[in-house]
>>> print(open('input_23.csv').read())   # CSV, C-alpha atoms and all ligand atoms
chain,number,residue,atom,x,y,z
A,245,MET,CA,61.9,158.7,74.9
A,246,ALA,CA,64.4,155.9,74.6
A,247,THR,CA,64.9,152.9,76.8
A,248,GLN,CA,67.7,153.6,79.2
A,249,ARG,CA,69.6,151.9,82.0
A,250,THR,CA,70.6,153.6,85.3
A,251,LEU,CA,72.6,152.6,88.4
A,252,SER,CA,70.7,152.5,91.6
A,253,LEU,CA,72.1,151.9,95.1
A,254,ILE,CA,70.0,151.0,98.1
A,255,LYS,CA,72.1,152.6,100.9
A,256,PRO,CA,73.1,151.1,104.3
A,257,ASP,CA,70.4,153.0,106.2
A,258,ALA,CA,67.8,151.2,104.2
A,259,THR,CA,69.3,147.7,104.2
A,260,ARG,CA,69.7,148.0,108.0
A,261,ARG,CA,65.9,148.7,108.3
A,262,ASN,CA,65.1,145.8,105.9
A,263,LEU,CA,63.6,148.1,103.3
A,264,THR,CA,65.0,146.5,100.1
A,265,GLY,CA,61.7,144.9,99.1
A,266,LYS,CA,59.6,148.1,99.8
A,267,ILE,CA,62.0,150.2,97.7
A,268,ASN,CA,62.1,147.7,94.9
A,269,ALA,CA,58.3,147.7,94.8
A,270,LYS,CA,58.5,151.5,94.2
A,271,PHE,CA,60.8,151.0,91.2
A,272,GLU,CA,58.6,148.2,89.7
A,273,ASP,CA,55.4,150.2,90.3
A,274,ALA,CA,57.0,153.0,88.3
A,275,GLY,CA,57.7,150.7,85.4
A,276,LEU,CA,61.4,150.3,86.0
A,277,ARG,CA,62.7,146.8,85.5
A,278,ILE,CA,65.5,145.5,87.8
A,279,VAL,CA,67.8,143.9,85.2
A,280,ALA,CA,70.8,143.3,87.6
A,281,GLN,CA,71.1,143.3,91.4
A,282,LYS,CA,73.6,142.3,94.1
A,283,ARG,CA,74.2,142.9,97.7
A,284,LEU,CA,77.7,143.9,98.8
A,285,HIS,CA,79.6,145.7,101.5
A,286,LEU,CA,81.9,148.5,100.2
A,287,THR,CA,85.1,149.4,101.9
A,288,LYS,CA,85.6,153.1,102.6
A,289,ALA,CA,88.1,153.3,99.7
A,290,GLN,CA,85.6,151.7,97.3
A,291,ALA,CA,82.9,154.2,98.5
A,292,GLY,CA,85.4,157.0,98.1
A,293,GLU,CA,86.2,156.0,94.5
A,294,PHE,CA,82.5,155.8,93.6
A,295,TYR,CA,81.8,159.3,95.1
A,296,LYS,CA,85.1,160.9,94.0
A,297,VAL,CA,83.2,163.7,92.3
A,298,HIS,CA,82.3,164.9,95.8
A,299,ALA,CA,85.9,164.6,97.2
A,300,GLU,CA,86.2,168.3,97.9
A,301,ARG,CA,82.7,168.6,99.5
A,302,PRO,CA,82.6,169.0,103.3
A,303,PHE,CA,80.4,165.9,103.7
A,304,TYR,CA,82.7,163.6,101.7
A,305,ASP,CA,84.2,161.8,104.8
A,306,GLU,CA,80.8,161.4,106.4
A,307,LEU,CA,79.3,160.1,103.2
A,308,THR,CA,82.0,157.5,102.5
A,309,THR,CA,82.0,156.4,106.1
A,310,PHE,CA,78.2,156.0,105.9
A,311,MET,CA,78.4,154.1,102.6
A,312,ALA,CA,80.8,151.6,104.1
A,313,SER,CA,78.9,151.2,107.3
A,314,GLY,CA,76.8,148.3,106.2
A,315,PRO,CA,75.6,146.4,103.1
A,316,ILE,CA,74.2,148.1,100.0
A,317,VAL,CA,72.2,146.7,97.2
A,318,ALA,CA,73.6,147.7,93.7
A,319,GLN,CA,71.1,147.4,90.9
A,320,VAL,CA,70.6,148.3,87.3
A,321,LEU,CA,67.2,149.7,86.4
A,322,GLU,CA,65.9,149.7,82.9
A,323,GLY,CA,63.0,151.5,81.3
A,324,GLU,CA,61.7,154.4,79.2
A,325,ASP,CA,63.7,157.5,80.3
A,326,ALA,CA,64.9,155.4,83.3
A,327,ILE,CA,67.5,158.0,84.5
A,328,ALA,CA,64.9,160.8,85.1
A,329,LYS,CA,62.2,158.4,86.1
A,330,ASN,CA,64.3,156.9,88.8
A,331,ARG,CA,65.3,160.4,90.1
A,332,GLU,CA,61.6,161.2,90.3
A,333,VAL,CA,60.8,158.0,92.2
A,334,MET,CA,63.8,158.7,94.6
A,335,GLY,CA,62.7,162.3,95.4
A,336,ALA,CA,64.9,165.2,96.4
A,337,THR,CA,68.3,164.6,98.1
A,338,ASN,CA,67.0,166.1,101.3
A,339,PRO,CA,63.9,164.1,102.5
A,340,ALA,CA,62.5,167.4,103.9
A,341,ASP,CA,62.2,168.6,100.3
A,342,ALA,CA,61.1,165.3,98.7
A,343,GLU,CA,57.6,165.0,97.3
A,344,ALA,CA,55.1,162.7,99.1
A,345,GLY,CA,55.2,159.2,97.8
A,346,THR,CA,58.8,159.2,96.8
A,347,ILE,CA,61.3,156.8,98.4
A,348,ARG,CA,63.2,159.6,100.2
A,349,ALA,CA,60.0,161.1,101.6
A,350,GLU,CA,58.9,157.8,102.9
A,351,PHE,CA,62.1,156.2,104.0
A,352,ALA,CA,65.1,158.5,104.2
A,353,GLU,CA,66.5,159.4,107.6
A,354,SER,CA,68.4,162.6,106.7
A,355,VAL,CA,70.1,164.4,103.8
A,356,GLY,CA,73.1,162.1,104.2
A,357,GLU,CA,71.3,158.9,105.1
A,358,ASN,CA,68.8,159.1,102.3
A,359,SER,CA,68.2,155.5,101.4
A,360,VAL,CA,69.0,155.5,97.6
A,361,HIS,CA,71.4,156.7,95.0
A,362,GLY,CA,70.5,157.1,91.3
A,363,SER,CA,72.7,158.1,88.4
A,364,ASP,CA,72.0,161.7,87.1
A,365,ALA,CA,72.9,161.6,83.4
A,366,PRO,CA,73.6,159.0,80.6
A,367,GLU,CA,77.4,159.3,80.9
A,368,THR,CA,77.5,158.9,84.7
A,369,ALA,CA,75.0,156.0,84.4
A,370,LYS,CA,77.3,154.2,82.0
A,371,GLU,CA,80.4,154.7,84.3
A,372,GLU,CA,78.5,153.8,87.5
A,373,ILE,CA,77.0,150.6,86.0
A,374,ALA,CA,80.5,149.6,84.8
A,375,TYR,CA,81.8,150.2,88.4
A,376,PHE,CA,79.5,147.6,89.8
A,377,PHE,CA,78.6,145.2,87.0
A,378,ALA,CA,80.2,143.2,84.2
A,379,GLY,CA,78.2,143.1,80.9
A,380,LEU,CA,77.2,139.5,81.4
A,381,GLU,CA,75.5,140.3,84.7
A,382,LEU,CA,72.9,142.6,83.0
A,383,VAL,CA,70.0,140.4,82.2
A,384,GLY,CA,67.3,142.4,80.5
B,1,LIG,P1,71.8,162.9,95.0
B,1,LIG,O1,72.2,161.6,95.7
B,1,LIG,O2,70.4,163.3,95.2
B,1,LIG,O3,72.2,162.9,93.5
B,1,LIG,P2,74.2,164.6,95.5
B,1,LIG,O4,74.8,164.0,94.3
B,1,LIG,O5,74.1,166.1,95.7
B,1,LIG,O6,72.7,164.1,95.7
B,1,LIG,O7,74.9,164.1,96.8
B,1,LIG,C1,75.3,162.7,96.9
B,1,LIG,C2,75.0,162.2,98.2
B,1,LIG,O8,75.8,162.9,99.2
B,1,LIG,C3,73.6,162.4,98.7
B,1,LIG,O9,72.7,161.4,98.2
B,1,LIG,C4,73.8,162.3,100.2
B,1,LIG,O10,73.9,160.9,100.7
B,1,LIG,C5,75.1,163.0,100.4
B,1,LIG,N1,74.9,164.4,100.7
B,1,LIG,C6,74.6,165.4,99.9
B,1,LIG,N2,74.5,166.6,100.5
B,1,LIG,C7,74.8,166.4,101.8
B,1,LIG,C8,74.9,167.2,103.0
B,1,LIG,N3,74.7,168.5,103.0
B,1,LIG,N4,75.3,166.5,104.2
B,1,LIG,C9,75.5,165.2,104.2
B,1,LIG,N5,75.5,164.4,103.1
B,1,LIG,C10,75.1,165.0,102.0
>>> encode(input="input_23.csv", output="structure tokens")
Amino acid sequence: MATQRTLSLIKPDATRRNLTGKINAKFEDAGLRIVAQKRLHLTKAQAGEFYKVHAERPFYDELTTFMASGPIVAQVLEGEDAIAKNREVMGATNPADAEAGTIRAEFAESVGENSVHGSDAPETAKEEIAYFFAGLELVG
């Protein structure tokens, strides 16, 4: 397995409940290193651009309104097989289906307000990291 980088977002439902530290501890305990991190508040248009792949889905408006409803924490996680490992630590999209001990099982409020985002493949990880970070901000 190669060292990879993946984009993670801590979503507004989690920043609102002051869960950034608890979520970051899950990443670090799993061996993922936070090599870049910043807190920001997206506009609905910025959230819409990030999630444009879902533009035709019925939940797109709800999702982009939610993602612009409060601060998020954008971060780059690095480690062996980081993309899959992060998805494992996150748990299933719907917290009702997420395995015990995962972030979504412990913290998510619903299928929409599910506390974290993680890239799903190397190409999307590259694009999503570039959406939030300049190369000089990645400090391995
Ligand atoms: P994941 O975030 O696990 O990769 P998806 O890419 O399928 O999941 O969906 C992106 C995001 O859209 C989810 O994390 C969630 O916030 C939202 N979402 C997905 N399905 C629904 C749904 N049925 N209702 C409301 N929001 C949804």
>>> residues_near_ligand(input="input_23.csv", ligand="ligand LIG 1 (chain B)", cutoff="6 Å", atoms="all atoms listed in the file", output="list in words")
Phe303, Leu307, Ala336, Thr337, Val355, Gly356, Glu357, Asn358 and His361 of chain A
>>> residues_near_point(input="input_23.csv", point="(79.3, 160.4, 87.9)", cutoff="12 Å", atoms="all atoms listed in the file", output="ChimeraX atom specification")
/A:250-251,293-298,361-375
>>> closest_residue(input="input_23.csv", among="A:Thr247, A:Pro315, A:Ala269, A:Asn262", to="Thr287 of chain A", atoms="all atoms listed in the file")
A:Pro315
>>> closest_residue(input="input_23.csv", among="A:Met311, A:Glu332, A:Arg277, A:Gly384", to="Ala344 of chain A", atoms="all atoms listed in the file")
A:Glu332
>>> closest_residue(input="input_23.csv", among="A:Asp305, A:Glu300, A:Asp257, A:Glu322", to="Gly275 of chain A", atoms="all atoms listed in the file")
A:Glu322
>>> closest_residue(input="input_23.csv", among="A:His285, A:Glu381, A:Ile327, A:Ala258", to="Thr309 of chain A", atoms="all atoms listed in the file")
A:His285
>>> atom_distance(input="input_23.csv", atom1="atom CA of Gly323 of chain A", atom2="atom CA of Ala274 of chain A")
9.3 Å
>>> atom_distance(input="input_23.csv", atom1="atom CA of Ala280 of chain A", atom2="atom CA of Asn338 of chain A")
26.9 Å
>>> closest_residue(input="input_23.csv", among="A:Ser354, A:Ala318, A:Thr308, A:Ser252", to="Arg331 of chain A", atoms="all atoms listed in the file")
A:Ser252
>>> atom_distance(input="input_23.csv", atom1="atom CA of Val317 of chain A", atom2="atom CA of Val383 of chain A")
16.4 Å
>>> closest_residue(input="input_23.csv", among="A:Ala291, A:Leu263, A:Val360, A:Ala328", to="Phe376 of chain A", atoms="all atoms listed in the file")
A:Ala291
>>> residues_around(input="input_23.csv", residues="Glu343 of chain A", least_positions_apart="6", cutoff="10 Å", atoms="all atoms listed in the file", output="list in words")
Glu332, Val333, Met334, Gly335, Ala336, Ala349 and Glu350 of chain A
>>> decode(input="input_23.csv", residues="segment 351-370 of chain A", atoms="N, CA and C atoms", output="short mmCIF file (atom, residue, chain, number, x, y, z; two decimals), in the first residue's frame")
data_model
loop_
_atom_site.label_atom_id
_atom_site.label_comp_id
_atom_site.auth_asym_id
_atom_site.auth_seq_id
_atom_site.Cartn_x
_atom_site.Cartn_y
_atom_site.Cartn_z
N PHE A 351 -21.19 10.16 16.05
CA PHE A 351 -21.49 11.60 16.08
C PHE A 351 -22.55 12.08 15.09
N ALA A 352 -22.78 11.36 13.98
CA ALA A 352 -23.66 11.90 12.94
C ALA A 352 -25.09 12.01 13.44
N GLU A 353 -25.79 13.02 12.93
CA GLU A 353 -27.17 13.27 13.35
C GLU A 353 -28.19 12.66 12.39
N SER A 354 -27.81 12.51 11.11
CA SER A 354 -28.73 11.97 10.11
C SER A 354 -27.93 11.66 8.85
N VAL A 355 -28.59 11.09 7.84
CA VAL A 355 -27.88 10.76 6.60
C VAL A 355 -27.32 12.03 5.92
N GLY A 356 -27.99 13.15 6.09
CA GLY A 356 -27.51 14.41 5.51
C GLY A 356 -26.48 15.08 6.40
N GLU A 357 -26.81 15.19 7.69
CA GLU A 357 -25.94 15.90 8.64
C GLU A 357 -25.07 14.85 9.32
N ASN A 358 -24.07 14.37 8.55
CA ASN A 358 -23.33 13.18 8.98
C ASN A 358 -21.86 13.46 9.31
N SER A 359 -21.60 14.68 9.74
CA SER A 359 -20.36 15.07 10.46
C SER A 359 -19.07 15.15 9.64
N VAL A 360 -18.90 14.29 8.65
CA VAL A 360 -17.62 14.30 7.90
C VAL A 360 -17.84 13.98 6.43
N HIS A 361 -16.91 14.49 5.62
CA HIS A 361 -16.77 14.10 4.21
C HIS A 361 -15.38 13.51 4.03
N GLY A 362 -15.24 12.52 3.16
CA GLY A 362 -13.92 12.01 2.79
C GLY A 362 -13.90 11.66 1.32
N SER A 363 -12.81 11.99 0.63
CA SER A 363 -12.70 11.67 -0.80
C SER A 363 -12.87 10.16 -1.00
N ASP A 364 -13.36 9.78 -2.20
CA ASP A 364 -13.65 8.35 -2.43
C ASP A 364 -12.70 7.67 -3.40
N ALA A 365 -11.76 8.39 -4.01
CA ALA A 365 -10.85 7.76 -4.99
C ALA A 365 -9.66 8.71 -5.21
N PRO A 366 -8.53 8.20 -5.73
CA PRO A 366 -7.35 9.05 -5.90
C PRO A 366 -7.60 10.30 -6.75
N GLU A 367 -8.36 10.16 -7.84
CA GLU A 367 -8.59 11.32 -8.71
C GLU A 367 -9.42 12.38 -8.00
N THR A 368 -10.47 11.96 -7.28
CA THR A 368 -11.31 12.94 -6.57
C THR A 368 -10.52 13.54 -5.40
N ALA A 369 -9.67 12.74 -4.76
CA ALA A 369 -8.86 13.28 -3.66
C ALA A 369 -7.99 14.43 -4.18
N LYS A 370 -7.37 14.20 -5.32
CA LYS A 370 -6.49 15.23 -5.90
C LYS A 370 -7.28 16.52 -6.21
#
